[in-house]
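Okay, model_16.pdb is below, PDB, C-alpha atoms and all ligand atoms:
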ATOM      1  CA  MET A1364     -33.660  14.252 335.742
ATOM      2  CA  LEU A1365     -30.077  13.456 334.800
ATOM      3  CA  GLN A1366     -28.960  16.105 332.336
ATOM      4  CA  PRO A1367     -28.068  14.714 328.901
ATOM      5  CA  PHE A1368     -24.956  15.507 326.882
ATOM      6  CA  TYR A1369     -25.993  17.840 324.080
ATOM      7  CA  PRO A1370     -23.959  17.450 320.855
ATOM      8  CA  GLN A1371     -24.190  21.254 320.472
ATOM      9  CA  ASN A1372     -21.665  21.423 323.322
ATOM     10  CA  ALA A1373     -19.075  19.104 321.766
ATOM     11  CA  ASP A1374     -16.857  21.993 320.659
ATOM     12  CA  VAL A1375     -17.711  24.648 323.213
ATOM     13  CA  LYS A1376     -15.157  27.423 323.545
ATOM     14  CA  VAL A1377     -14.478  28.414 327.130
ATOM     15  CA  TYR A1378     -13.103  31.759 328.252
ATOM     16  CA  ILE A1379     -10.296  31.670 330.800
ATOM     17  CA  ASN A1380      -8.565  34.938 331.715
ATOM     18  CA  GLY A1381      -8.769  36.615 328.343
ATOM     19  CA  GLU A1382      -8.372  33.587 326.063
ATOM     20  CA  LEU A1383     -10.876  31.191 324.488
ATOM     21  CA  TYR A1384     -10.081  27.471 324.594
ATOM     22  CA  HIS A1385     -11.788  24.421 323.104
ATOM     23  CA  ARG A1386     -13.480  22.532 325.960
ATOM     24  CA  ASP A1387     -10.805  19.794 325.773
ATOM     25  CA  GLU A1388      -8.068  22.389 326.287
ATOM     26  CA  ALA A1389      -9.872  24.576 328.822
ATOM     27  CA  LYS A1390      -8.051  23.946 332.085
ATOM     28  CA  VAL A1391      -7.008  25.639 335.306
ATOM     29  CA  SER A1392      -3.781  25.017 337.198
ATOM     30  CA  VAL A1393      -3.594  22.373 339.907
ATOM     31  CA  PHE A1394      -2.429  25.315 342.038
ATOM     32  CA  ASP A1395      -5.677  27.188 341.413
ATOM     33  CA  SER A1396      -7.650  28.008 344.537
ATOM     34  CA  VAL A1397     -10.759  26.354 343.223
ATOM     35  CA  VAL A1398      -8.846  23.042 343.095
ATOM     36  CA  GLN A1399      -7.124  23.614 346.408
ATOM     37  CA  GLY A1400     -10.108  24.655 348.482
ATOM     38  CA  GLY A1401     -13.210  25.386 346.449
ATOM     39  CA  ASP A1402     -12.060  28.963 346.971
ATOM     40  CA  ALA A1403     -14.141  30.623 344.283
ATOM     41  CA  VAL A1404     -17.478  32.291 343.637
ATOM     42  CA  TRP A1405     -19.840  31.685 340.745
ATOM     43  CA  GLU A1406     -23.045  32.585 338.939
ATOM     44  CA  GLY A1407     -25.334  30.645 336.629
ATOM     45  CA  LEU A1408     -26.793  32.847 333.870
ATOM     46  CA  ARG A1409     -29.419  32.185 331.243
ATOM     47  CA  VAL A1410     -29.554  33.552 327.704
ATOM     48  CA  TYR A1411     -32.897  34.016 325.980
ATOM     49  CA  ASP A1412     -33.123  35.296 322.414
ATOM     50  CA  ASN A1413     -29.962  37.457 322.267
ATOM     51  CA  ARG A1414     -30.342  38.712 325.843
ATOM     52  CA  VAL A1415     -28.773  37.695 329.144
ATOM     53  CA  PHE A1416     -31.555  37.567 331.698
ATOM     54  CA  CYS A1417     -31.082  39.494 334.960
ATOM     55  CA  LEU A1418     -27.421  40.043 334.090
ATOM     56  CA  ASP A1419     -26.845  43.021 336.395
ATOM     57  CA  LYS A1420     -28.424  41.222 339.344
ATOM     58  CA  HIS A1421     -26.150  38.215 338.791
ATOM     59  CA  LEU A1422     -23.028  40.340 338.404
ATOM     60  CA  ASN A1423     -23.880  42.367 341.493
ATOM     61  CA  ARG A1424     -24.308  39.155 343.487
ATOM     62  CA  LEU A1425     -20.947  37.951 342.132
ATOM     63  CA  GLN A1426     -19.342  41.198 343.286
ATOM     64  CA  ASP A1427     -20.941  40.855 346.731
ATOM     65  CA  SER A1428     -19.712  37.257 347.038
ATOM     66  CA  ALA A1429     -16.190  38.267 345.954
ATOM     67  CA  LYS A1430     -16.200  41.132 348.469
ATOM     68  CA  ALA A1431     -17.257  38.852 351.306
ATOM     69  CA  MET A1432     -14.484  36.425 350.295
ATOM     70  CA  PHE A1433     -11.946  39.290 350.359
ATOM     71  CA  PHE A1434     -10.943  38.828 346.717
ATOM     72  CA  LYS A1435      -8.623  41.544 345.432
ATOM     73  CA  ASN A1436      -8.642  43.260 342.014
ATOM     74  CA  VAL A1437     -12.025  41.895 341.009
ATOM     75  CA  PRO A1438     -12.866  42.749 337.377
ATOM     76  CA  ASP A1439     -15.736  45.225 337.240
ATOM     77  CA  ASN A1440     -19.132  44.357 335.773
ATOM     78  CA  ASP A1441     -18.419  46.066 332.441
ATOM     79  CA  THR A1442     -15.211  44.067 331.971
ATOM     80  CA  ILE A1443     -17.027  40.818 332.760
ATOM     81  CA  LYS A1444     -19.832  41.742 330.349
ATOM     82  CA  VAL A1445     -17.376  42.292 327.484
ATOM     83  CA  ALA A1446     -15.783  38.882 328.143
ATOM     84  CA  LEU A1447     -19.204  37.234 328.446
ATOM     85  CA  PHE A1448     -20.539  38.671 325.193
ATOM     86  CA  GLN A1449     -17.278  37.803 323.386
ATOM     87  CA  THR A1450     -17.623  34.196 324.587
ATOM     88  CA  LEU A1451     -21.293  33.868 323.636
ATOM     89  CA  LYS A1452     -20.710  35.309 320.175
ATOM     90  CA  ALA A1453     -17.646  33.116 319.574
ATOM     91  CA  ASN A1454     -19.840  30.090 320.300
ATOM     92  CA  ASP A1455     -22.850  31.476 318.465
ATOM     93  CA  PHE A1456     -24.853  30.727 321.594
ATOM     94  CA  LEU A1457     -27.491  33.426 321.613
ATOM     95  CA  THR A1458     -30.477  31.530 323.026
ATOM     96  CA  ASP A1459     -31.261  28.392 325.068
ATOM     97  CA  THR A1460     -27.897  28.855 326.702
ATOM     98  CA  HIS A1461     -26.762  28.526 330.287
ATOM     99  CA  VAL A1462     -23.506  30.129 331.370
ATOM    100  CA  ARG A1463     -21.451  29.083 334.342
ATOM    101  CA  LEU A1464     -19.364  32.075 335.344
ATOM    102  CA  THR A1465     -16.677  31.305 337.914
ATOM    103  CA  LEU A1466     -14.219  33.637 339.593
ATOM    104  CA  THR A1467     -11.515  31.907 341.622
ATOM    105  CA  ARG A1468      -8.969  33.448 343.962
ATOM    106  CA  GLY A1469      -6.455  32.377 341.321
ATOM    107  CA  GLU A1470      -3.255  30.401 341.214
ATOM    108  CA  LYS A1471      -1.135  29.933 344.333
ATOM    109  CA  ILE A1472       2.662  30.044 344.434
ATOM    110  CA  THR A1473       2.580  26.830 346.437
ATOM    111  CA  SER A1474      -0.074  24.472 347.742
ATOM    112  CA  GLY A1475      -1.733  25.885 350.862
ATOM    113  CA  MET A1476      -4.783  27.524 352.301
ATOM    114  CA  ASP A1477      -3.452  31.022 352.912
ATOM    115  CA  PRO A1478      -4.837  33.603 350.444
ATOM    116  CA  ARG A1479      -1.507  35.435 350.687
ATOM    117  CA  LEU A1480      -0.157  32.615 348.486
ATOM    118  CA  ASN A1481      -2.379  33.909 345.684
ATOM    119  CA  GLN A1482      -0.037  36.288 343.910
ATOM    120  CA  LYS A1483      -1.057  35.859 340.295
ATOM    121  CA  GLY A1484      -4.466  37.483 340.174
ATOM    122  CA  LEU A1485      -7.932  35.977 340.004
ATOM    123  CA  THR A1486      -9.076  33.388 337.453
ATOM    124  CA  LEU A1487     -12.221  34.255 335.490
ATOM    125  CA  ILE A1488     -13.888  31.315 333.728
ATOM    126  CA  ILE A1489     -16.882  31.692 331.417
ATOM    127  CA  LEU A1490     -18.403  28.376 330.375
ATOM    128  CA  PRO A1491     -21.432  28.655 328.070
ATOM    129  CA  GLU A1492     -23.461  25.582 327.138
ATOM    130  CA  TYR A1493     -26.538  24.879 325.099
ATOM    131  CA  LYS A1494     -29.010  23.923 327.811
ATOM    132  CA  PRO A1495     -32.793  24.217 327.728
ATOM    133  CA  PRO A1496     -34.413  24.268 331.202
ATOM    134  CA  VAL A1497     -33.312  21.091 332.921
ATOM    135  CA  TYR A1498     -36.234  19.877 335.020
ATOM    136  CA  ASP A1499     -39.363  17.995 333.976
ATOM    137  CA  SER A1500     -42.063  20.616 333.482
ATOM    138  CA  ASN A1501     -44.671  18.092 334.694
ATOM    139  CA  GLY A1502     -43.088  18.237 338.098
ATOM    140  CA  VAL A1503     -40.372  16.622 340.172
ATOM    141  CA  SER A1504     -40.178  14.553 343.333
ATOM    142  CA  LEU A1505     -38.257  15.615 346.432
ATOM    143  CA  ILE A1506     -37.054  13.840 349.539
ATOM    144  CA  THR A1507     -35.980  15.655 352.666
ATOM    145  CA  SER A1508     -32.275  15.115 353.203
ATOM    146  CA  THR A1509     -30.617  14.579 356.573
ATOM    147  CA  THR A1510     -27.882  16.997 355.486
ATOM    148  CA  ARG A1511     -28.805  20.442 356.796
ATOM    149  CA  ARG A1512     -28.237  23.638 354.823
ATOM    150  CA  ASN A1513     -25.549  25.832 356.358
ATOM    151  CA  SER A1514     -26.607  28.482 358.781
ATOM    152  CA  PRO A1515     -24.714  31.788 358.864
ATOM    153  CA  MET A1516     -23.066  30.313 361.985
ATOM    154  CA  CYS A1517     -21.124  28.034 359.633
ATOM    155  CA  ILE A1518     -20.851  29.316 356.070
ATOM    156  CA  ASP A1519     -23.137  32.162 355.099
ATOM    157  CA  SER A1520     -25.456  30.973 352.327
ATOM    158  CA  LYS A1521     -25.504  34.521 350.965
ATOM    159  CA  ILE A1522     -22.030  33.934 349.545
ATOM    160  CA  HIS A1523     -22.448  32.100 346.259
ATOM    161  CA  HIS A1524     -19.211  30.135 346.687
ATOM    162  CA  ASN A1525     -17.922  26.901 345.181
ATOM    163  CA  ASN A1526     -17.881  24.959 348.413
ATOM    164  CA  LEU A1527     -20.910  22.971 347.349
ATOM    165  CA  ILE A1528     -20.307  19.768 349.321
ATOM    166  CA  ASN A1529     -23.182  20.515 351.660
ATOM    167  CA  ASN A1530     -25.625  20.518 348.752
ATOM    168  CA  ILE A1531     -23.898  17.698 346.869
ATOM    169  CA  LEU A1532     -24.285  15.387 349.892
ATOM    170  CA  ALA A1533     -27.986  16.219 349.928
ATOM    171  CA  LYS A1534     -28.216  15.506 346.191
ATOM    172  CA  ILE A1535     -26.559  12.100 346.754
ATOM    173  CA  GLU A1536     -29.271  11.319 349.309
ATOM    174  CA  SER A1537     -31.968  12.134 346.769
ATOM    175  CA  ASN A1538     -30.246  10.047 344.079
ATOM    176  CA  LEU A1539     -30.053   7.064 346.421
ATOM    177  CA  ALA A1540     -33.709   7.498 347.353
ATOM    178  CA  GLY A1541     -34.720   7.624 343.682
ATOM    179  CA  ALA A1542     -36.020  11.191 343.956
ATOM    180  CA  ASP A1543     -35.262  14.105 341.658
ATOM    181  CA  ALA A1544     -33.817  16.494 344.236
ATOM    182  CA  ALA A1545     -33.337  17.025 347.953
ATOM    183  CA  LEU A1546     -35.208  19.421 350.196
ATOM    184  CA  MET A1547     -32.767  20.724 352.791
ATOM    185  CA  LEU A1548     -33.780  21.949 356.238
ATOM    186  CA  ASP A1549     -32.003  24.642 358.212
ATOM    187  CA  ILE A1550     -30.426  23.825 361.568
ATOM    188  CA  HIS A1551     -33.738  24.587 363.326
ATOM    189  CA  GLY A1552     -35.661  22.110 361.197
ATOM    190  CA  PHE A1553     -37.424  24.607 358.954
ATOM    191  CA  ALA A1554     -37.258  24.187 355.186
ATOM    192  CA  ALA A1555     -34.346  26.117 353.676
ATOM    193  CA  GLU A1556     -34.150  25.257 349.980
ATOM    194  CA  VAL A1557     -33.676  22.405 347.531
ATOM    195  CA  ASN A1558     -30.058  21.340 346.884
ATOM    196  CA  GLY A1559     -29.757  23.598 343.813
ATOM    197  CA  THR A1560     -32.926  25.680 343.775
ATOM    198  CA  ASN A1561     -35.123  27.779 346.060
ATOM    199  CA  ILE A1562     -38.542  26.569 347.150
ATOM    200  CA  PHE A1563     -42.039  28.041 347.415
ATOM    201  CA  MET A1564     -45.401  26.693 348.582
ATOM    202  CA  VAL A1565     -48.985  27.756 347.987
ATOM    203  CA  LYS A1566     -51.713  27.400 350.603
ATOM    204  CA  GLY A1567     -55.169  28.926 350.444
ATOM    205  CA  GLY A1568     -54.252  31.056 347.442
ATOM    206  CA  GLU A1569     -51.205  32.629 349.111
ATOM    207  CA  VAL A1570     -47.537  31.997 348.404
ATOM    208  CA  HIS A1571     -44.909  31.343 351.082
ATOM    209  CA  THR A1572     -41.158  30.895 350.886
ATOM    210  CA  PRO A1573     -38.475  30.394 353.531
ATOM    211  CA  HIS A1574     -36.483  33.398 354.768
ATOM    212  CA  ALA A1575     -33.122  33.672 353.025
ATOM    213  CA  HIS A1576     -31.351  32.929 356.335
ATOM    214  CA  ALA A1577     -30.145  29.513 355.197
ATOM    215  CA  CYS A1578     -30.600  29.540 351.449
ATOM    216  CA  LEU A1579     -29.124  31.332 348.519
ATOM    217  CA  PRO A1580     -31.123  34.512 347.921
ATOM    218  CA  GLY A1581     -31.788  33.332 344.376
ATOM    219  CA  ILE A1582     -32.303  35.798 341.568
ATOM    220  CA  THR A1583     -35.294  33.748 340.356
ATOM    221  CA  ARG A1584     -36.617  33.638 343.934
ATOM    222  CA  GLY A1585     -36.418  37.444 344.032
ATOM    223  CA  LEU A1586     -38.182  37.672 340.697
ATOM    224  CA  VAL A1587     -41.009  35.382 341.861
ATOM    225  CA  ILE A1588     -41.507  37.523 344.975
ATOM    226  CA  GLU A1589     -41.657  40.555 342.656
ATOM    227  CA  ILE A1590     -44.070  38.811 340.254
ATOM    228  CA  CYS A1591     -46.429  37.869 343.119
ATOM    229  CA  LYS A1592     -46.659  41.530 344.033
ATOM    230  CA  GLU A1593     -47.183  42.490 340.396
ATOM    231  CA  ILE A1594     -50.070  40.057 339.843
ATOM    232  CA  GLY A1595     -51.686  40.571 343.231
ATOM    233  CA  ILE A1596     -50.768  37.367 345.092
ATOM    234  CA  THR A1597     -49.622  37.656 348.697
ATOM    235  CA  CYS A1598     -46.123  36.243 349.150
ATOM    236  CA  THR A1599     -44.735  35.856 352.664
ATOM    237  CA  GLN A1600     -41.164  35.027 353.656
ATOM    238  CA  ARG A1601     -41.211  33.092 356.920
ATOM    239  CA  ASN A1602     -40.123  29.947 358.744
ATOM    240  CA  ILE A1603     -41.961  27.047 357.096
ATOM    241  CA  SER A1604     -41.979  23.568 358.583
ATOM    242  CA  LEU A1605     -41.860  20.332 356.653
ATOM    243  CA  ALA A1606     -45.438  19.423 357.594
ATOM    244  CA  GLU A1607     -46.600  22.636 355.935
ATOM    245  CA  PHE A1608     -44.791  21.670 352.743
ATOM    246  CA  HIS A1609     -46.273  18.148 352.874
ATOM    247  CA  ALA A1610     -49.763  19.640 353.180
ATOM    248  CA  ALA A1611     -49.319  22.433 350.633
ATOM    249  CA  ASP A1612     -51.734  22.990 347.741
ATOM    250  CA  GLU A1613     -48.868  23.591 345.316
ATOM    251  CA  VAL A1614     -45.091  23.579 345.627
ATOM    252  CA  PHE A1615     -42.550  24.809 343.104
ATOM    253  CA  MET A1616     -38.823  25.381 342.974
ATOM    254  CA  THR A1617     -36.988  28.263 341.320
ATOM    255  CA  GLY A1618     -33.569  28.714 339.746
ATOM    256  CA  THR A1619     -31.852  30.041 336.667
ATOM    257  CA  MET A1620     -31.122  26.600 335.289
ATOM    258  CA  GLY A1621     -34.661  25.209 335.597
ATOM    259  CA  GLU A1622     -36.760  28.396 335.895
ATOM    260  CA  ILE A1623     -40.002  27.606 337.786
ATOM    261  CA  THR A1624     -40.534  23.868 338.251
ATOM    262  CA  PRO A1625     -43.543  22.290 339.980
ATOM    263  CA  VAL A1626     -42.960  19.690 342.703
ATOM    264  CA  HIS A1627     -45.438  16.798 342.677
ATOM    265  CA  THR A1628     -44.212  14.771 345.659
ATOM    266  CA  ILE A1629     -42.268  15.418 348.860
ATOM    267  CA  ASP A1630     -41.220  12.391 350.933
ATOM    268  CA  GLY A1631     -43.913  10.315 349.218
ATOM    269  CA  ARG A1632     -46.678  12.828 350.040
ATOM    270  CA  GLU A1633     -48.421  13.935 346.879
ATOM    271  CA  ILE A1634     -48.742  17.681 346.769
ATOM    272  CA  GLY A1635     -52.450  18.242 346.604
ATOM    273  CA  TYR A1636     -53.448  20.368 343.696
ATOM    274  CA  THR A1637     -56.970  20.631 342.396
ATOM    275  CA  ASN A1638     -57.930  18.474 339.400
ATOM    276  CA  GLY A1639     -54.386  18.277 338.159
ATOM    277  CA  GLN A1640     -54.155  22.060 337.993
ATOM    278  CA  ARG A1641     -51.630  24.284 339.660
ATOM    279  CA  PRO A1642     -53.368  27.616 339.177
ATOM    280  CA  ILE A1643     -51.053  29.854 341.182
ATOM    281  CA  THR A1644     -47.860  28.230 339.889
ATOM    282  CA  LYS A1645     -49.224  28.595 336.366
ATOM    283  CA  ARG A1646     -49.957  32.297 336.791
ATOM    284  CA  ILE A1647     -46.449  32.909 338.105
ATOM    285  CA  GLN A1648     -44.887  30.806 335.330
ATOM    286  CA  ASN A1649     -46.852  32.710 332.697
ATOM    287  CA  ARG A1650     -45.732  36.073 334.012
ATOM    288  CA  PHE A1651     -42.156  34.817 334.296
ATOM    289  CA  ALA A1652     -42.262  33.692 330.643
ATOM    290  CA  GLU A1653     -43.620  37.080 329.579
ATOM    291  CA  ARG A1654     -40.794  38.860 331.345
ATOM    292  CA  ALA A1655     -38.094  36.462 330.113
ATOM    293  CA  ALA A1656     -39.353  37.046 326.561
ATOM    294  CA  VAL A1657     -38.641  40.772 326.661
ATOM    295  CA  GLU A1658     -36.243  41.579 329.509
ATOM    296  CA  GLY A1659     -32.493  41.131 329.731
ATOM    297  CA  THR A1660     -29.265  42.757 328.619
ATOM    298  CA  PRO A1661     -28.756  42.578 324.825
ATOM    299  CA  ILE A1662     -25.645  40.694 323.717
ATOM    300  CA  VAL A1663     -23.577  43.274 321.822
TER     301      VAL A1663
HETATM  302  N1  LIG A1701     -29.983  27.611 345.604
HETATM  303  C1  LIG A1701     -28.769  27.124 345.279
HETATM  304  C2  LIG A1701     -28.024  26.327 346.292
HETATM  305  C3  LIG A1701     -28.222  27.349 344.008
HETATM  306  O1  LIG A1701     -27.000  26.875 343.692
HETATM  307  C4  LIG A1701     -28.977  28.091 343.066
HETATM  308  C5  LIG A1701     -28.454  28.328 341.674
HETATM  309  N2  LIG A1701     -27.291  29.062 341.625
HETATM  310  C6  LIG A1701     -30.236  28.580 343.441
HETATM  311  C7  LIG A1701     -30.710  28.323 344.718
HETATM  312  C8  LIG A1701     -31.067  29.398 342.486
HETATM  313  O2  LIG A1701     -30.550  30.682 342.362
HETATM  314  P1  LIG A1701     -30.826  31.570 341.067
HETATM  315  O3  LIG A1701     -32.287  31.793 340.979
HETATM  316  O4  LIG A1701     -30.078  32.827 341.331
HETATM  317  O5  LIG A1701     -30.309  30.820 339.913
END

Do you think you could lay out the structure here as C-alpha cells?
Ligand code: PMP
Amino acid sequence: MLQPFYPQNADVKVYINGELYHRDEAKVSVFDSVVQGGDAVWEGLRVYDNRVFCLDKHLNRLQDSAKAMFFKNVPDNDTIKVALFQTLKANDFLTDTHVRLTLTRGEKITSGMDPRLNQKGLTLIILPEYKPPVYDSNGVSLITSTTRRNSPMCIDSKIHHNNLINNILAKIESNLAGADAALMLDIHGFAAEVNGTNIFMVKGGEVHTPHAHACLPGITRGLVIEICKEIGITCTQRNISLAEFHAADEVFMTGTMGEITPVHTIDGREIGYTNGQRPITKRIQNRFAERAAVEGTPIV
C-alpha cells in the first residue's frame, strides 16, 4: 500500500502565495510556522472529470479549522477557489488528481512559538498531484495501534491541523506489523478512526460508525452517512468497541484520497463477509461512484 511515484508528477507546479513554482523550487521559509510547530491547517481534495468534489465542504472545514486556530486574514473561499483552479489548469490536472491544500500561520520574524511573531501573513500552498485512489480495492488489513487518537481534552480532532504525529506514530506501528493501516482507539478504548481515514462497520444489514468525538469528521464519512439515508440503510453513530469490529460482517474505511475501501482483516481476524461479497459496502460504493461522476464544482 506504499504509494508509487507517478512520472506525471515529475514537473508539478505548486502554488505558494500567488506564484507557481516547479516542485523542485516550491519551498517555504525555515521560519514558517508549519516548520516551527506544525502550525497549519489543511485539506485533501479530489478532482474528477473537470470538477472538484465536495469543494465547498472542504473549504468550509478549512475555514472552521483556521478560525479555531485563531488565524488572521484568512483568504475567503472564492479567493482560494481562483488560486486552486489556476493551479489545476496550469498543470493540466483535470481528473484523477488529488490536491493537498495547506494554510500555515505564515513566516515568523524569529524562531518561536508565539503567534504574535507571525507578522507576514498566512502561507497558502496548493499542491496538486496525479493520484488515482490509493488503497487496494480488494481490501486492506488493519492492526489496532497502541497510540490513541486525541480526545478533545488534548487536541480537538475537529481541527484539521498539521500536527499529525499522533497518526504517524500509529501508521509506524502498522508498518512494523506488516499491516496496511492502523485502527486507532479513543482514550476510552472505543474505535475512533484509522490513521488517515474514517471507519465504518456493517452488522445485520445496518451500518455503524464511531461518533466524531475523537476522529476527523471526514467529508467522505459525512457523504456515506448521507448515502445510507438515501438508499435506505440505517446508519448509527455510536461508541463501537474493538470486539464489535472484529466480529463485523463488513468493514470499510472512507477518505478523499482512497474513497471507500473495504477492510479484510483487523488484528488477524478476517472480517466475515458472505461468499466473498460485501453487499452493503458495494451498494454504498456504487452510489458514491454515481455521485462522484456528476457532482462537484466545475474548474473554470
Ligand atoms: N481521518 C484523518 C485523520 C484524515 O487525515 C482524513 C483525511 N484528511 C480523513 C479521516 C478522511 O477525511 P475526508 O473524508 O474529509 O478526506

Picked residues, the PyMOL selection byres (((chain A and resi 1539-1542) around 8) and not hetatm), as a count of residues only:
11

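Residue nearest A:Asn1423, chosen from A:Pro1491, A:Pro1661, A:Pro1438, A:Gly1475 and counting all atoms listed in the file: A:Pro1438.
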
Please check which residues have atoms at most 8 Å from (-42.4, 30.7, 348.8) in the file's coordinates, counting all atoms listed in the file, and write them as a PyMOL selection string.
chain A and resi 1562-1565+1570-1573+1588+1598-1600

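For the set A:Gly1621, A:Pro1642, A:Gly1635, A:Gly1469, the residue with the smallest atom-to-atom gap to ligand LIG 1701 (chain A) is A:Gly1621, counting all atoms listed in the file.
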
Determine the nearest neighbour of A:Ile1634 from the options A:Ile1522, A:Leu1490, A:Val1614, A:Ala1577, counting only C-alpha atoms.
A:Val1614

Scan for residues within 7 Å of the point (-37.1, 24.8, 345.8) in the coordinates of the file, using all atoms listed in the file, and reply as a ChimeraX atom specification.
/A:1556-1557,1560-1563,1615-1617

Taking all atoms listed in the file into account, produce a table as a tab-separated table in which each residue of chain A with an atom at most 7 Å from an atom of ligand LIG 1701 (chain A) appears once, together with its shortest atom pair and the distance in Å to one decimal, ordered by chain and rising number.
residue	atom	partner	partner_atom	distance
A:Glu1406	CA	A:LIG1701	N2	6.1
A:Gly1407	CA	A:LIG1701	N2	5.6
A:Asn1530	CA	A:LIG1701	C2	6.7
A:Glu1556	CA	A:LIG1701	N1	6.5
A:Val1557	CA	A:LIG1701	N1	6.7
A:Asn1558	CA	A:LIG1701	C2	5.4
A:Gly1559	CA	A:LIG1701	C1	3.9
A:Thr1560	CA	A:LIG1701	C7	3.6
A:Asn1561	CA	A:LIG1701	C7	4.6
A:Cys1578	CA	A:LIG1701	N1	6.2
A:Leu1579	CA	A:LIG1701	N1	4.8
A:Pro1580	CA	A:LIG1701	O2	6.8
A:Gly1581	CA	A:LIG1701	O4	3.5
A:Ile1582	CA	A:LIG1701	O4	3.7
A:Thr1583	CA	A:LIG1701	O3	3.6
A:Arg1584	CA	A:LIG1701	O3	5.6
A:Thr1617	CA	A:LIG1701	O3	5.9
A:Gly1618	CA	A:LIG1701	O3	3.6
A:Thr1619	CA	A:LIG1701	O5	3.7
A:Met1620	CA	A:LIG1701	O5	6.3

Can those selected residues be exported to a file as a PDB file, in the frame of the given file so that it contains C-alpha atoms?
ATOM      1  CA  GLU A1406     -23.045  32.585 338.939  1.00  0.00           C
ATOM      2  CA  GLY A1407     -25.334  30.645 336.629  1.00  0.00           C
ATOM      3  CA  ASN A1530     -25.625  20.518 348.752  1.00  0.00           C
ATOM      4  CA  GLU A1556     -34.150  25.257 349.980  1.00  0.00           C
ATOM      5  CA  VAL A1557     -33.676  22.405 347.531  1.00  0.00           C
ATOM      6  CA  ASN A1558     -30.058  21.340 346.884  1.00  0.00           C
ATOM      7  CA  GLY A1559     -29.757  23.598 343.813  1.00  0.00           C
ATOM      8  CA  THR A1560     -32.926  25.680 343.775  1.00  0.00           C
ATOM      9  CA  ASN A1561     -35.123  27.779 346.060  1.00  0.00           C
ATOM     10  CA  CYS A1578     -30.600  29.540 351.449  1.00  0.00           C
ATOM     11  CA  LEU A1579     -29.124  31.332 348.519  1.00  0.00           C
ATOM     12  CA  PRO A1580     -31.123  34.512 347.921  1.00  0.00           C
ATOM     13  CA  GLY A1581     -31.788  33.332 344.376  1.00  0.00           C
ATOM     14  CA  ILE A1582     -32.303  35.798 341.568  1.00  0.00           C
ATOM     15  CA  THR A1583     -35.294  33.748 340.356  1.00  0.00           C
ATOM     16  CA  ARG A1584     -36.617  33.638 343.934  1.00  0.00           C
ATOM     17  CA  THR A1617     -36.988  28.263 341.320  1.00  0.00           C
ATOM     18  CA  GLY A1618     -33.569  28.714 339.746  1.00  0.00           C
ATOM     19  CA  THR A1619     -31.852  30.041 336.667  1.00  0.00           C
ATOM     20  CA  MET A1620     -31.122  26.600 335.289  1.00  0.00           C
TER      21      MET A1620
END

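Distances here use only C-alpha atoms; by that measure, the residue among A:Asp1402, A:Glu1622, A:Glu1382, A:Glu1633 closest to A:Pro1495 is A:Glu1622.
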
Do you have the atom CA of A:Ile1596-atom CA of A:Arg1646 distance handy?
9.8 Å

Specify as an NGL selection string each residue included when the PyMOL selection byres (((chain A and resi 1418) around 10) and not hetatm) is applied to this file.
:A and (1406-1410 or 1414-1417 or 1419-1424 or 1440 or 1444 or 1582 or 1659-1661)

Would you kindly translate the PyMOL selection byres (((chain A and resi 1365) around 10) and not hetatm) into the concrete residues it picks from this file, as number ranges by chain?
A: 1364, 1366-1368, 1497-1498, 1538, 1543

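Atom CA of A:Phe1456 is found 24.3 Å from atom CA of A:Leu1586.
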
Calculate how many Å separate atom CA of A:Ala1611 from atom CA of A:Phe1553, rounding to one decimal.
14.7 Å

What are the closest atom pairs, with distances in Å to one decimal, for all residues of stretch 1502-1615 of chain A lying within 12 Å of stretch 1386-1397 of chain A? Consider all atoms listed in the file, order rows by chain and residue number, and present the result as JSON lines.
{"residue": "A:His1524", "atom": "CA", "partner": "A:Val1397", "partner_atom": "CA", "distance": 9.9}
{"residue": "A:Asn1525", "atom": "CA", "partner": "A:Val1397", "partner_atom": "CA", "distance": 7.4}
{"residue": "A:Asn1526", "atom": "CA", "partner": "A:Val1397", "partner_atom": "CA", "distance": 8.9}
{"residue": "A:Leu1527", "atom": "CA", "partner": "A:Val1397", "partner_atom": "CA", "distance": 11.5}
